[in-house]
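Visitor: My structure file start_1.txt, compact mmCIF, C-alpha atoms, is below:
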```txt
# COMPACT_ATOMS: atom_id res chain seq x y z
CA MET F 1 -5.29 73.13 152.19
CA TYR F 2 -2.27 75.30 151.52
CA ARG F 3 -3.30 78.89 150.78
CA ALA F 4 -0.74 81.64 150.37
CA GLY F 5 -2.27 83.54 147.52
CA ARG F 6 -0.68 81.05 145.14
CA PRO F 7 -1.72 77.69 143.65
CA SER F 8 -1.22 74.59 145.76
CA PRO F 9 1.76 72.39 144.86
CA GLY F 10 -0.75 69.61 144.15
CA ALA F 11 -1.27 66.19 145.69
CA ARG F 12 1.88 64.70 144.13
CA LEU F 13 4.27 67.23 145.66
CA ILE F 14 2.40 67.53 148.94
CA ALA F 15 2.70 63.77 149.42
CA ALA F 16 6.46 64.07 149.01
CA GLY F 17 6.68 67.12 151.28
CA SER F 18 4.70 65.37 154.00
CA LEU F 19 7.54 62.84 154.36
CA VAL F 20 10.06 65.56 155.24
CA ARG F 21 11.08 65.50 158.88
CA LYS F 22 10.08 68.69 160.61
CA GLY F 23 12.54 71.37 161.68
CA ARG F 24 15.46 70.31 159.46
CA PRO F 25 17.08 72.17 156.54
CA VAL F 26 15.95 70.84 153.17
CA ALA F 27 17.49 70.70 149.71
CA ASP F 28 14.85 70.57 146.98
CA ILE F 29 16.71 69.25 143.93
CA GLY F 30 15.00 70.07 140.65
CA CYS F 31 12.75 72.59 142.39
CA ASP F 32 11.07 73.74 139.15
CA HIS F 33 8.51 76.47 140.01
CA GLY F 34 9.37 76.46 143.72
CA LYS F 35 5.85 75.66 144.94
CA LEU F 36 6.99 72.79 147.14
CA ALA F 37 9.80 74.83 148.70
CA VAL F 38 7.38 77.64 149.57
CA TRP F 39 4.82 75.15 150.89
CA LEU F 40 7.40 73.57 153.22
CA VAL F 41 8.22 76.96 154.74
CA LYS F 42 4.64 78.17 154.96
CA LYS F 43 3.55 74.96 156.66
CA GLY F 44 6.32 75.32 159.25
CA ILE F 45 7.91 72.05 158.18
CA SER F 46 11.34 73.48 157.43
CA PRO F 47 13.02 76.76 158.41
CA LYS F 48 15.42 76.72 155.45
CA ILE F 49 15.14 75.43 151.89
CA ILE F 50 17.90 75.27 149.30
CA ALA F 51 15.98 75.18 146.02
CA VAL F 52 18.15 73.91 143.18
CA ASP F 53 17.43 73.74 139.46
CA LYS F 54 19.75 73.55 136.47
CA ARG F 55 17.40 75.65 134.32
CA PRO F 56 17.54 79.44 134.78
CA LEU F 57 13.89 80.13 133.84
CA PRO F 58 12.23 77.82 136.39
CA LEU F 59 14.67 79.01 139.03
CA SER F 60 13.75 82.63 138.36
CA ARG F 61 10.09 81.68 138.79
CA ALA F 62 10.90 79.97 142.08
CA LYS F 63 12.67 83.13 143.29
CA ALA F 64 9.71 85.26 142.28
CA LEU F 65 7.25 82.95 144.04
CA ALA F 66 9.31 83.01 147.25
CA ARG F 67 9.31 86.83 147.17
CA GLN F 68 5.58 87.01 146.46
CA CYS F 69 4.85 84.69 149.38
CA GLY F 70 7.20 86.56 151.75
CA VAL F 71 9.58 83.66 152.35
CA GLN F 72 12.54 84.82 150.26
CA ASP F 73 14.78 84.83 153.34
CA CYS F 74 14.01 81.13 153.91
CA VAL F 75 14.32 79.89 150.31
CA ASP F 76 17.84 79.98 148.88
CA CYS F 77 17.49 79.49 145.11
CA ARG F 78 20.60 78.12 143.40
CA LEU F 79 21.43 77.35 139.81
CA GLY F 80 23.13 73.97 139.63
CA ASP F 81 23.04 70.37 138.50
CA GLY F 82 21.85 67.91 141.11
CA LEU F 83 23.58 67.82 144.48
CA SER F 84 26.68 69.62 143.20
CA ALA F 85 25.02 72.91 144.17
CA LEU F 86 25.26 72.26 147.90
CA GLY F 87 27.85 71.21 150.43
CA PRO F 88 27.64 67.94 152.37
CA ASP F 89 26.57 69.64 155.60
CA GLU F 90 24.00 72.11 154.27
CA ALA F 91 20.90 69.91 154.27
CA GLU F 92 19.59 67.10 156.45
CA GLU F 93 16.59 66.42 154.23
CA ILE F 94 17.01 65.95 150.47
CA LEU F 95 13.99 66.03 148.17
CA ILE F 96 14.16 64.84 144.57
CA THR F 97 10.78 64.73 142.85
CA GLY F 98 9.36 64.48 139.36
CA LEU F 99 12.31 62.72 137.71
CA SER F 100 12.80 59.21 136.36
CA GLY F 101 14.28 56.50 138.56
CA GLU F 102 17.39 56.45 136.38
CA THR F 103 17.91 60.21 136.66
CA ILE F 104 17.47 60.18 140.44
CA THR F 105 19.96 57.31 140.63
CA ASP F 106 22.49 59.31 138.61
CA ILE F 107 22.06 62.33 140.90
CA LEU F 108 22.60 60.26 144.04
CA ALA F 109 25.54 58.33 142.57
CA ALA F 110 27.31 61.61 141.83
CA ALA F 111 27.28 62.47 145.56
CA PRO F 112 29.10 59.64 147.38
CA TRP F 113 29.11 61.67 150.60
CA LEU F 114 25.41 60.80 151.03
CA GLY F 115 26.32 57.40 152.42
CA GLU F 116 28.51 58.98 155.08
CA LYS F 117 26.02 61.55 156.33
CA LYS F 118 22.88 61.14 158.43
CA VAL F 119 20.63 62.52 155.73
CA HIS F 120 17.06 61.59 155.00
CA LEU F 121 16.05 61.26 151.36
CA VAL F 122 12.58 61.76 149.94
CA LEU F 123 12.52 60.47 146.37
CA GLN F 124 9.70 60.50 143.86
CA PRO F 125 10.50 58.57 140.67
CA THR F 126 7.97 59.22 137.93
CA THR F 127 9.12 56.13 136.03
CA ARG F 128 11.39 53.11 136.58
CA ALA F 129 11.07 53.05 140.36
CA SER F 130 12.45 49.51 140.23
CA VAL F 131 15.82 50.82 139.01
CA LEU F 132 15.98 53.25 141.93
CA ARG F 133 14.97 50.67 144.54
CA ARG F 134 17.65 48.29 143.31
CA TRP F 135 20.38 50.92 143.39
CA LEU F 136 19.42 52.09 146.88
CA CYS F 137 19.68 48.56 148.29
CA GLU F 138 22.95 47.82 146.54
CA GLU F 139 24.46 51.07 147.84
CA GLY F 140 23.46 50.57 151.47
CA PHE F 141 20.34 52.74 151.68
CA ALA F 142 17.22 51.48 153.44
CA LEU F 143 13.67 52.12 152.33
CA GLU F 144 11.57 52.81 155.42
CA GLU F 145 8.27 53.86 153.83
CA GLU F 146 6.51 54.34 150.53
CA ARG F 147 3.68 56.83 150.26
CA PRO F 148 1.74 56.42 147.00
CA VAL F 149 -0.56 59.17 145.74
CA LEU F 150 -2.94 59.85 142.88
CA GLU F 151 -2.95 63.14 140.99
CA ARG F 152 -5.12 63.70 137.93
CA GLY F 153 -5.58 59.99 137.46
CA ARG F 154 -1.88 59.14 137.54
CA ALA F 155 -0.24 57.26 140.41
CA TYR F 156 3.11 58.16 141.95
CA THR F 157 5.11 56.70 144.82
CA ASN F 158 7.27 58.59 147.29
CA LEU F 159 10.18 56.83 148.95
CA SER F 160 11.40 57.68 152.43
CA VAL F 161 15.04 56.56 152.55
CA TYR F 162 17.91 56.71 155.01
CA SER F 163 21.49 55.51 154.90
CA LYS F 164 21.89 52.23 156.74
CA GLY F 165 25.40 51.44 155.59
CA GLN F 166 24.61 47.80 154.88
CA LYS F 167 24.64 46.88 151.20
CA MET F 168 22.39 44.09 150.01
CA VAL F 169 21.16 42.45 146.83
CA PRO F 170 17.39 42.95 146.65
CA THR F 171 14.93 40.43 145.28
CA GLU F 172 13.25 41.11 141.96
CA ARG F 173 9.93 41.30 143.79
CA PHE F 174 11.21 44.05 146.07
CA CYS F 175 12.58 46.02 143.12
CA GLU F 176 9.22 45.88 141.39
CA VAL F 177 6.81 46.49 144.28
CA GLY F 178 8.91 47.89 147.13
CA LEU F 179 6.71 48.67 150.14
CA LEU F 180 3.57 49.38 148.11
CA PRO F 181 1.69 46.33 149.50
CA ARG F 182 2.27 47.68 153.00
CA ALA F 183 1.06 51.16 152.01
CA GLY F 184 -2.20 49.96 150.50
CA GLY F 185 -4.89 52.15 148.97
CA ARG F 186 -6.01 52.95 145.45
CA ALA F 187 -2.76 54.62 144.43
CA ALA F 188 -0.73 51.56 145.44
CA GLU F 189 -3.17 49.32 143.60
CA THR F 190 -2.83 51.43 140.46
CA LEU F 191 0.96 51.28 140.62
CA LEU F 192 0.94 47.50 141.01
CA GLN F 193 -1.48 47.15 138.11
CA ASN F 194 0.87 49.26 135.99
CA ARG F 195 3.76 46.99 136.92
CA LEU F 196 1.78 43.94 135.83
CA VAL F 197 1.06 45.49 132.44
CA ASP F 198 4.76 46.21 131.91
CA LEU F 199 5.87 42.77 133.07
CA ARG F 200 3.30 40.98 130.91
CA ASN F 201 4.43 43.01 127.92
CA ARG F 202 7.98 41.81 128.56
CA LEU F 203 6.81 38.25 127.97
CA LYS F 204 6.27 39.15 124.30
CA ALA F 205 10.00 39.81 123.81
CA PRO F 206 12.37 37.03 122.72
CA MET F 207 13.98 35.25 125.70
CA ASN F 208 15.15 31.80 126.68
CA ALA F 209 13.05 29.37 128.71
CA ALA F 210 14.77 30.12 132.01
CA GLU F 211 14.27 33.86 131.61
CA LYS F 212 10.61 33.33 130.72
CA ASN F 213 10.04 31.14 133.77
CA ASP F 214 11.69 33.73 136.03
CA LEU F 215 9.51 36.47 134.56
CA LYS F 216 6.35 34.40 134.98
CA SER F 217 7.25 33.76 138.63
CA LEU F 218 7.76 37.49 139.17
CA ILE F 219 4.39 38.22 137.59
CA ASP F 220 2.79 35.68 139.95
CA GLU F 221 4.37 37.46 142.93
CA VAL F 222 3.15 40.89 141.83
CA GLU F 223 -0.34 39.47 141.21
CA ALA F 224 -0.31 38.05 144.75
CA CYS F 225 0.62 41.49 146.13
CA LEU F 226 -2.23 43.03 144.19
CA ARG F 227 -4.75 40.49 145.51
CA LEU F 228 -3.81 41.45 149.06
CA LEU F 229 -4.93 45.02 148.37
CA LYS F 230 -8.37 44.08 147.07
```
Please express the file's structure as structure tokens.
Guide:
Amino acid sequence: MYRAGRPSPGARLIAAGSLVRKGRPVADIGCDHGKLAVWLVKKGISPKIIAVDKRPLPLSRAKALARQCGVQDCVDCRLGDGLSALGPDEAEEILITGLSGETITDILAAAPWLGEKKVHLVLQPTTRASVLRRWLCEEGFALEEERPVLERGRAYTNLSVYSKGQKMVPTERFCEVGLLPRAGGRAAETLLQNRLVDLRNRLKAPMNAAEKNDLKSLIDEVEACLRLLK
């Protein structure tokens, strides 16, 4: 367990940090308290972290934590909105955690240079992961792994993504479940169960017969994925 005289980042953030490729500079977008940035340095995963947050108070706490843990020379705290706070060549690993799928999509869409660089993305959508998966496929990014995790009874998924350069239209099944069936485990099962609840609730909304049949077929596919995990 991480011990540096400070609280652990927690299972959710550690799961994201464990997907970072070792030895490469990292940009932690929306760094909040800075615990993940400090953990990455202390664990020897990255020699340099650019910790970005658009809120001054959390950023000041991240700076203080880096000083307290003796890694202030390795953690560059910057006030900024999304990826606008760094140049295209400053980071090879980009972490975005704890935000909705829509917000992460907006951050990535505002940085078109991502598709031209050999960067690795680690993305943790707290909600609407399906929106993010769809956008990634349509913009030529490839999802290579999902690493689900449970923290305090809530399930999260972490996406390991790289730029493939080949745009594609994903299936509805892929948007909803991604690589969770491949990942397996209780966290993946919880996430799939949550998707089923949301999809079944959609059936209560007014829609035409074709839309209802498509939704029922999607529910059947997600149920089949869930059965594979049990």
Visitor: Please identify all polymer residues within 10 Å of F:Gly140, counting all atoms listed in the file, omitting same-chain residues fewer than 2 positions from it, and present them as a list in words.
Guide: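 Returned residues: Gly115, Trp135, Leu136, Cys137, Glu138, Ala142, Leu143, Tyr162, Ser163, Lys164, Gly165, Gln166, Lys167, Met168 and Val169 of chain F.
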Visitor: Can you sort out the box for stretch 100-105 of chain F, edges along x, y and z, all listed atoms in, 5 Å on every side, with centre and edge lengths in Å to one decimal, as lines of an AutoDock Vina configuration file?
Guide:
```
center_x = 16.4
center_y = 58.3
center_z = 138.5
size_x = 17.2
size_y = 13.8
size_z = 14.3
```
Visitor: Taking the point (5.5, 58.7, 150.9) as given in the file, collect each protein or nucleic acid residue that comes within 7 Å of it, counting only C-alpha atoms, and present the set as an NGL selection string.
Guide: :F and (15-16 or 19 or 145-148 or 157-160)
Visitor: Tell me, as a VMD selection string, which residues lie within 9 Å of F:Ile107, counting all atoms listed in the file; anything in the same chain fewer than 6 positions away does not count.
Guide: chain F and resid 81 to 84
Visitor: In terms of the shortest atom-to-atom distance over only C-alpha atoms, which of F:Thr97, F:Ser217, F:Ser18, F:Thr190 is closest to F:Val52?
Guide: F:Thr97
Visitor: Any idea what the distance is between atom CA of F:Asp32 and atom CA of F:Asp198?
Guide: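 Between atom CA of F:Asp32 and atom CA of F:Asp198 the gap is 29.2 Å.
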Visitor: Could you check how far atom CA of F:Pro9 sits from atom CA of F:Gly153, in Å to one decimal?
Guide: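 Computing it gives 16.2 Å between the two atoms.
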Visitor: Counting only C-alpha atoms, which of F:Arg61, F:Arg173, F:Lys118, F:Arg227 gets nearest to F:Leu215?
Guide: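 Closest to F:Leu215 of all the choices is F:Arg173.
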Visitor: Would you pick out the contacts of F:Val119 at 9 Å or less, using all atoms listed in the file, so that residues sharing its chain but fewer than 6 positions from it are not included, and give the list as a list in words?
Guide: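 Final neighbour list, sorted by chain and number: Ala91, Glu92, Glu93, Ile94, Val161, Tyr162 and Ser163 of chain F.
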Visitor: Could the residues in this selection be written to a file with C-alpha atoms, as a PDB file, in the coordinates of the input?
Guide:
```pdb
ATOM      1  CA  ALA F  91      20.900  69.910 154.270  1.00  0.00           C
ATOM      2  CA  GLU F  92      19.590  67.100 156.450  1.00  0.00           C
ATOM      3  CA  GLU F  93      16.590  66.420 154.230  1.00  0.00           C
ATOM      4  CA  ILE F  94      17.010  65.950 150.470  1.00  0.00           C
ATOM      5  CA  VAL F 161      15.040  56.560 152.550  1.00  0.00           C
ATOM      6  CA  TYR F 162      17.910  56.710 155.010  1.00  0.00           C
ATOM      7  CA  SER F 163      21.490  55.510 154.900  1.00  0.00           C
TER       8      SER F 163
END
```
Visitor: Given only C-alpha atoms as the basis, pick out the residue of F:Ala183, F:Leu121, F:Ile219, F:Leu13 nearest to F:Leu199.
Guide: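 Checking each of F:Ala183, F:Leu121, F:Ile219, F:Leu13 against F:Leu199, counting only C-alpha atoms, the winner is F:Ile219.
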Visitor: Write stretch 117-128 of chain F as a PDB file, in the frame of the given file, completed to all heavy atoms.
Guide:
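Dumped everything to result_35.pdb:
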```
ATOM      1  N   LYS F 117      26.730  60.549 155.548  1.00  0.00           N
ATOM      2  CA  LYS F 117      26.020  61.550 156.330  1.00  0.00           C
ATOM      3  C   LYS F 117      24.674  60.998 156.807  1.00  0.00           C
ATOM      4  O   LYS F 117      24.092  60.104 156.190  1.00  0.00           O
ATOM      5  CB  LYS F 117      25.778  62.805 155.487  1.00  0.00           C
ATOM      6  CG  LYS F 117      27.056  63.464 154.982  1.00  0.00           C
ATOM      7  CD  LYS F 117      27.856  64.064 156.118  1.00  0.00           C
ATOM      8  CE  LYS F 117      29.147  64.681 155.602  1.00  0.00           C
ATOM      9  NZ  LYS F 117      29.936  65.287 156.707  1.00  0.00           N
ATOM     10  N   LYS F 118      24.170  61.541 157.896  1.00  0.00           N
ATOM     11  CA  LYS F 118      22.880  61.140 158.430  1.00  0.00           C
ATOM     12  C   LYS F 118      21.786  61.969 157.764  1.00  0.00           C
ATOM     13  O   LYS F 118      21.118  62.793 158.393  1.00  0.00           O
ATOM     14  CB  LYS F 118      22.846  61.302 159.950  1.00  0.00           C
ATOM     15  CG  LYS F 118      23.867  60.441 160.676  1.00  0.00           C
ATOM     16  CD  LYS F 118      23.660  58.957 160.415  1.00  0.00           C
ATOM     17  CE  LYS F 118      24.653  58.101 161.178  1.00  0.00           C
ATOM     18  NZ  LYS F 118      24.498  56.657 160.892  1.00  0.00           N
ATOM     19  N   VAL F 119      21.645  61.769 156.471  1.00  0.00           N
ATOM     20  CA  VAL F 119      20.630  62.520 155.730  1.00  0.00           C
ATOM     21  C   VAL F 119      19.436  61.624 155.454  1.00  0.00           C
ATOM     22  O   VAL F 119      19.543  60.400 155.366  1.00  0.00           O
ATOM     23  CB  VAL F 119      21.190  63.074 154.407  1.00  0.00           C
ATOM     24  CG1 VAL F 119      22.271  64.117 154.665  1.00  0.00           C
ATOM     25  CG2 VAL F 119      21.717  61.956 153.524  1.00  0.00           C
ATOM     26  N   HIS F 120      18.310  62.272 155.330  1.00  0.00           N
ATOM     27  CA  HIS F 120      17.060  61.590 155.000  1.00  0.00           C
ATOM     28  C   HIS F 120      16.685  61.992 153.584  1.00  0.00           C
ATOM     29  O   HIS F 120      16.670  63.179 153.257  1.00  0.00           O
ATOM     30  CB  HIS F 120      15.972  62.006 155.992  1.00  0.00           C
ATOM     31  CG  HIS F 120      14.624  61.439 155.676  1.00  0.00           C
ATOM     32  ND1 HIS F 120      13.490  62.214 155.582  1.00  0.00           N
ATOM     33  CD2 HIS F 120      14.214  60.166 155.429  1.00  0.00           C
ATOM     34  CE1 HIS F 120      12.453  61.447 155.308  1.00  0.00           C
ATOM     35  NE2 HIS F 120      12.861  60.210 155.203  1.00  0.00           N
ATOM     36  N   LEU F 121      16.395  61.001 152.746  1.00  0.00           N
ATOM     37  CA  LEU F 121      16.050  61.260 151.360  1.00  0.00           C
ATOM     38  C   LEU F 121      14.560  61.034 151.142  1.00  0.00           C
ATOM     39  O   LEU F 121      13.991  60.061 151.630  1.00  0.00           O
ATOM     40  CB  LEU F 121      16.820  60.324 150.423  1.00  0.00           C
ATOM     41  CG  LEU F 121      18.335  60.217 150.601  1.00  0.00           C
ATOM     42  CD1 LEU F 121      18.901  59.204 149.605  1.00  0.00           C
ATOM     43  CD2 LEU F 121      18.999  61.561 150.415  1.00  0.00           C
ATOM     44  N   VAL F 122      13.943  61.944 150.404  1.00  0.00           N
ATOM     45  CA  VAL F 122      12.580  61.760 149.940  1.00  0.00           C
ATOM     46  C   VAL F 122      12.629  61.792 148.422  1.00  0.00           C
ATOM     47  O   VAL F 122      12.945  62.813 147.821  1.00  0.00           O
ATOM     48  CB  VAL F 122      11.637  62.861 150.473  1.00  0.00           C
ATOM     49  CG1 VAL F 122      10.225  62.661 149.915  1.00  0.00           C
ATOM     50  CG2 VAL F 122      11.601  62.860 152.000  1.00  0.00           C
ATOM     51  N   LEU F 123      12.325  60.649 147.809  1.00  0.00           N
ATOM     52  CA  LEU F 123      12.520  60.470 146.370  1.00  0.00           C
ATOM     53  C   LEU F 123      11.211  60.098 145.696  1.00  0.00           C
ATOM     54  O   LEU F 123      10.500  59.219 146.163  1.00  0.00           O
ATOM     55  CB  LEU F 123      13.562  59.378 146.123  1.00  0.00           C
ATOM     56  CG  LEU F 123      14.865  59.490 146.928  1.00  0.00           C
ATOM     57  CD1 LEU F 123      15.739  58.260 146.716  1.00  0.00           C
ATOM     58  CD2 LEU F 123      15.625  60.756 146.560  1.00  0.00           C
ATOM     59  N   GLN F 124      10.934  60.774 144.594  1.00  0.00           N
ATOM     60  CA  GLN F 124       9.700  60.500 143.860  1.00  0.00           C
ATOM     61  C   GLN F 124      10.035  60.196 142.398  1.00  0.00           C
ATOM     62  O   GLN F 124      10.112  61.091 141.564  1.00  0.00           O
ATOM     63  CB  GLN F 124       8.757  61.700 143.942  1.00  0.00           C
ATOM     64  CG  GLN F 124       7.402  61.475 143.297  1.00  0.00           C
ATOM     65  CD  GLN F 124       6.637  62.771 143.179  1.00  0.00           C
ATOM     66  OE1 GLN F 124       6.820  63.515 142.236  1.00  0.00           O
ATOM     67  NE2 GLN F 124       5.792  63.049 144.165  1.00  0.00           N
ATOM     68  N   PRO F 125      10.243  58.922 142.071  1.00  0.00           N
ATOM     69  CA  PRO F 125      10.500  58.570 140.670  1.00  0.00           C
ATOM     70  C   PRO F 125       9.200  58.533 139.873  1.00  0.00           C
ATOM     71  O   PRO F 125       8.239  57.877 140.270  1.00  0.00           O
ATOM     72  CB  PRO F 125      11.115  57.169 140.785  1.00  0.00           C
ATOM     73  CG  PRO F 125      10.514  56.599 142.036  1.00  0.00           C
ATOM     74  CD  PRO F 125      10.310  57.756 142.972  1.00  0.00           C
ATOM     75  N   THR F 126       9.173  59.223 138.758  1.00  0.00           N
ATOM     76  CA  THR F 126       7.970  59.220 137.930  1.00  0.00           C
ATOM     77  C   THR F 126       7.895  57.977 137.058  1.00  0.00           C
ATOM     78  O   THR F 126       6.809  57.573 136.639  1.00  0.00           O
ATOM     79  CB  THR F 126       7.926  60.466 137.038  1.00  0.00           C
ATOM     80  OG1 THR F 126       9.160  60.565 136.305  1.00  0.00           O
ATOM     81  CG2 THR F 126       7.740  61.725 137.871  1.00  0.00           C
ATOM     82  N   THR F 127       9.044  57.383 136.775  1.00  0.00           N
ATOM     83  CA  THR F 127       9.120  56.130 136.030  1.00  0.00           C
ATOM     84  C   THR F 127      10.275  55.306 136.582  1.00  0.00           C
ATOM     85  O   THR F 127      11.136  55.827 137.277  1.00  0.00           O
ATOM     86  CB  THR F 127       9.369  56.366 134.519  1.00  0.00           C
ATOM     87  OG1 THR F 127      10.608  57.080 134.349  1.00  0.00           O
ATOM     88  CG2 THR F 127       8.241  57.166 133.879  1.00  0.00           C
ATOM     89  N   ARG F 128      10.292  54.011 136.256  1.00  0.00           N
ATOM     90  CA  ARG F 128      11.390  53.110 136.580  1.00  0.00           C
ATOM     91  C   ARG F 128      11.789  53.158 138.061  1.00  0.00           C
ATOM     92  O   ARG F 128      12.961  53.202 138.407  1.00  0.00           O
ATOM     93  CB  ARG F 128      12.608  53.409 135.703  1.00  0.00           C
ATOM     94  CG  ARG F 128      12.361  53.328 134.208  1.00  0.00           C
ATOM     95  CD  ARG F 128      11.922  51.941 133.753  1.00  0.00           C
ATOM     96  NE  ARG F 128      12.955  50.944 134.000  1.00  0.00           N
ATOM     97  CZ  ARG F 128      13.982  50.727 133.189  1.00  0.00           C
ATOM     98  NH1 ARG F 128      14.106  51.428 132.083  1.00  0.00           N
ATOM     99  NH2 ARG F 128      14.875  49.792 133.466  1.00  0.00           N
TER     100      ARG F 128
END
```
